[in-house]
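Worksheet: the structure to be examined is printed underneath.
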Amino acid sequence: MQAIHIDNKKHRIEIKDQLSKIILFLRFIFILNILNTVVYYLVFYTRQDLLHWLWFAFALLNVYFIYFTFTKVSKQHIIGFDEIESVDQYTLIGLVLKLKNGMYRKIFIPSESEVAQKLVRKFNKS
């Protein structure tokens, strides 16, 4: 269960979810895929066929995903109001907080919920 608390006295949002564990699991899977590609190249290093290039493309895609999870996805549980640039609403995901440091924090709650509406009104003044 996810709990979001907007603390106006301390000017911050407290999010209690499992996003950090999910991101760690994804990073592990991406690294495992890259290691799998390295093993494939060590075993079949003389073959030059379509599968060889597909594995290479797959490894490059996983490197990009690892880079993305380190540079663009935030795992913060306590976010100050001054760190938030804007709040975007999506039907399937819920809310995405765009932080001033260029990272994004996803909050998986229904867009119609009261907390989501408060956050959108508070940070999207335009």
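Here's how to read the names in the structure tokens: chain A, B, ... by the order shown, residue numbers from 1 in each chain, ligand numbers from 1 in the order shown.
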Could you list, as a tab-separated table (two decimals) with N, CA and C atoms, in the first residue's frame, every residue within 9 Å of region 95-109 of chain A, counting only C-alpha atoms and ignoring same-chain residues fewer than 4 positions away?
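Done, and the output landed in result_14.tsv:
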chain	number	residue	atom	x	y	z
A	2	GLN	N	0.46	2.21	-0.75
A	2	GLN	CA	1.21	3.44	-0.89
A	2	GLN	C	0.56	4.55	-0.08
A	4	ILE	N	0.90	8.74	0.76
A	4	ILE	CA	1.50	10.03	0.43
A	4	ILE	C	0.99	11.03	1.44
A	15	ILE	N	6.60	10.19	0.69
A	15	ILE	CA	6.04	9.10	-0.12
A	15	ILE	C	6.53	7.78	0.44
A	17	ASP	N	6.47	4.14	-0.61
A	17	ASP	CA	6.19	3.12	-1.62
A	17	ASP	C	7.41	2.25	-1.82
A	19	LEU	N	9.21	1.94	-4.68
A	19	LEU	CA	9.87	2.31	-5.92
A	19	LEU	C	11.37	2.06	-5.88
A	71	THR	N	20.36	8.35	-13.98
A	71	THR	CA	20.41	9.79	-14.21
A	71	THR	C	19.05	10.48	-14.25
A	72	LYS	N	17.98	9.76	-14.53
A	72	LYS	CA	16.68	10.42	-14.70
A	72	LYS	C	15.60	9.97	-13.72
A	73	VAL	N	15.77	8.85	-13.06
A	73	VAL	CA	14.73	8.33	-12.17
A	73	VAL	C	15.15	8.56	-10.72
A	74	SER	N	14.31	9.26	-9.98
A	74	SER	CA	14.59	9.55	-8.58
A	74	SER	C	13.92	8.52	-7.68
A	75	LYS	N	14.61	8.15	-6.60
A	75	LYS	CA	14.04	7.21	-5.63
A	75	LYS	C	13.75	7.90	-4.30
A	76	GLN	N	13.77	9.23	-4.27
A	76	GLN	CA	13.59	9.96	-3.02
A	76	GLN	C	12.24	9.66	-2.39
A	79	ILE	N	10.55	14.65	-0.42
A	79	ILE	CA	10.86	15.66	-1.43
A	79	ILE	C	10.37	17.01	-0.94
A	82	ASP	N	10.55	22.99	-2.53
A	82	ASP	CA	11.47	23.79	-3.34
A	82	ASP	C	12.23	22.95	-4.37
A	83	GLU	N	12.19	21.62	-4.27
A	83	GLU	CA	12.86	20.74	-5.22
A	83	GLU	C	11.98	20.41	-6.42
A	84	ILE	N	10.67	20.68	-6.34
A	84	ILE	CA	9.72	20.29	-7.38
A	84	ILE	C	9.55	21.42	-8.39
A	85	GLU	N	9.75	21.08	-9.66
A	85	GLU	CA	9.57	22.06	-10.72
A	85	GLU	C	8.12	22.05	-11.22
A	86	SER	N	7.59	20.85	-11.49
A	86	SER	CA	6.20	20.74	-11.95
A	86	SER	C	5.68	19.34	-11.67
A	87	VAL	N	4.37	19.18	-11.82
A	87	VAL	CA	3.70	17.89	-11.63
A	87	VAL	C	2.91	17.59	-12.90
A	88	ASP	N	3.16	16.43	-13.49
A	88	ASP	CA	2.42	16.00	-14.68
A	88	ASP	C	1.50	14.86	-14.30
A	89	GLN	N	0.31	14.86	-14.90
A	89	GLN	CA	-0.70	13.86	-14.62
A	89	GLN	C	-0.84	12.93	-15.81
A	90	TYR	N	-0.83	11.62	-15.56
A	90	TYR	CA	-1.03	10.62	-16.60
A	90	TYR	C	-2.09	9.64	-16.15
A	91	THR	N	-2.85	9.12	-17.12
A	91	THR	CA	-3.94	8.22	-16.76
A	91	THR	C	-3.46	6.89	-16.22
A	113	SER	N	-7.56	10.99	-7.58
A	113	SER	CA	-7.53	11.00	-6.13
A	113	SER	C	-7.35	12.42	-5.59
A	115	VAL	N	-5.34	13.55	-3.22
A	115	VAL	CA	-3.93	13.93	-3.05
A	115	VAL	C	-3.34	14.35	-4.40
A	116	ALA	N	-3.67	13.62	-5.46
A	116	ALA	CA	-3.16	13.96	-6.79
A	116	ALA	C	-3.66	15.33	-7.22
A	119	LEU	N	-1.74	18.10	-5.33
A	119	LEU	CA	-0.38	18.30	-5.84
A	119	LEU	C	-0.39	19.04	-7.18
A	120	VAL	N	-1.31	18.69	-8.04
A	120	VAL	CA	-1.38	19.35	-9.35
A	120	VAL	C	-1.74	20.82	-9.17
Point to revise | Which residue of A:Tyr45, A:Phe28, A:Phe81, A:Phe65 approaches Ile13 (chain A) most closely, using only C-alpha atoms | key: A:Phe81
Review point. Could you pull the residues within 10 Å of region 37-44 of chain A, counting only C-alpha atoms, minus those fewer than 5 positions along the same chain, as a PyMOL selection string?
Key: chain A and resi 31-32+52+54-60
How would the residues just picked look written out with C-alpha atoms as a PDB file, in the first residue's frame?
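The file below, result_15.pdb, is the result:
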ATOM      1  CA  ILE A  31      23.157  -5.822 -15.575  1.00  0.00           C
ATOM      2  CA  LEU A  32      22.286  -9.515 -15.808  1.00  0.00           C
ATOM      3  CA  HIS A  52      25.336 -11.839 -32.992  1.00  0.00           C
ATOM      4  CA  LEU A  54      20.815  -8.723 -32.148  1.00  0.00           C
ATOM      5  CA  TRP A  55      22.627  -9.542 -28.889  1.00  0.00           C
ATOM      6  CA  PHE A  56      24.852  -6.520 -29.386  1.00  0.00           C
ATOM      7  CA  ALA A  57      21.826  -4.238 -29.926  1.00  0.00           C
ATOM      8  CA  PHE A  58      20.157  -5.795 -26.876  1.00  0.00           C
ATOM      9  CA  ALA A  59      23.223  -5.056 -24.738  1.00  0.00           C
ATOM     10  CA  LEU A  60      23.365  -1.439 -25.930  1.00  0.00           C
TER      11      LEU A  60
END
**Study point:** Secondary structure check, helix (DSSP H, G or I) residues of region 37-115 of chain A, as number ranges by chain
**Key:** A: 37-43, 50-71, 81-83, 114-115
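In this structure, CA of Leu26 (chain A) sits 11.8 Å away from CA of Tyr67 (chain A).
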Exercise for review: Write down as a PyMOL selection string the residues belonging to chain A that are assigned strand (DSSP E or B) by DSSP computed on the backbone.
Suggested key: chain A and resi 3-7+12-16+73+78-80+84-90+94-99+104-107
Point to revise | Nearest to Ser111 (chain A) by atom-to-atom distance, counting only C-alpha atoms, from A:Phe123, A:Ser20, A:Gln48, A:Gly94 | key: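 Checking each of A:Phe123, A:Ser20, A:Gln48, A:Gly94 against Ser111 (chain A), counting only C-alpha atoms, the winner is A:Gly94.
For the atom pair formed by CA of Lys122 (chain A) and CA of Lys10 (chain A), the distance is 15.1 Å, given to one decimal.
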Check your understanding: Using only C-alpha atoms, which of A:Leu61, A:Ile78, A:Ile29, A:Ile93 sits nearest His11 (chain A)?
Key ->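 Under the stated criterion, the closest residue is A:Ile78.
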Practice item. Show which residues sit within 7 Å of Asn62 (chain A), as number ranges by chain. Count only C-alpha atoms, and ignore same-chain residues fewer than 4 positions away. Key: A: 30, 34, 58, 66
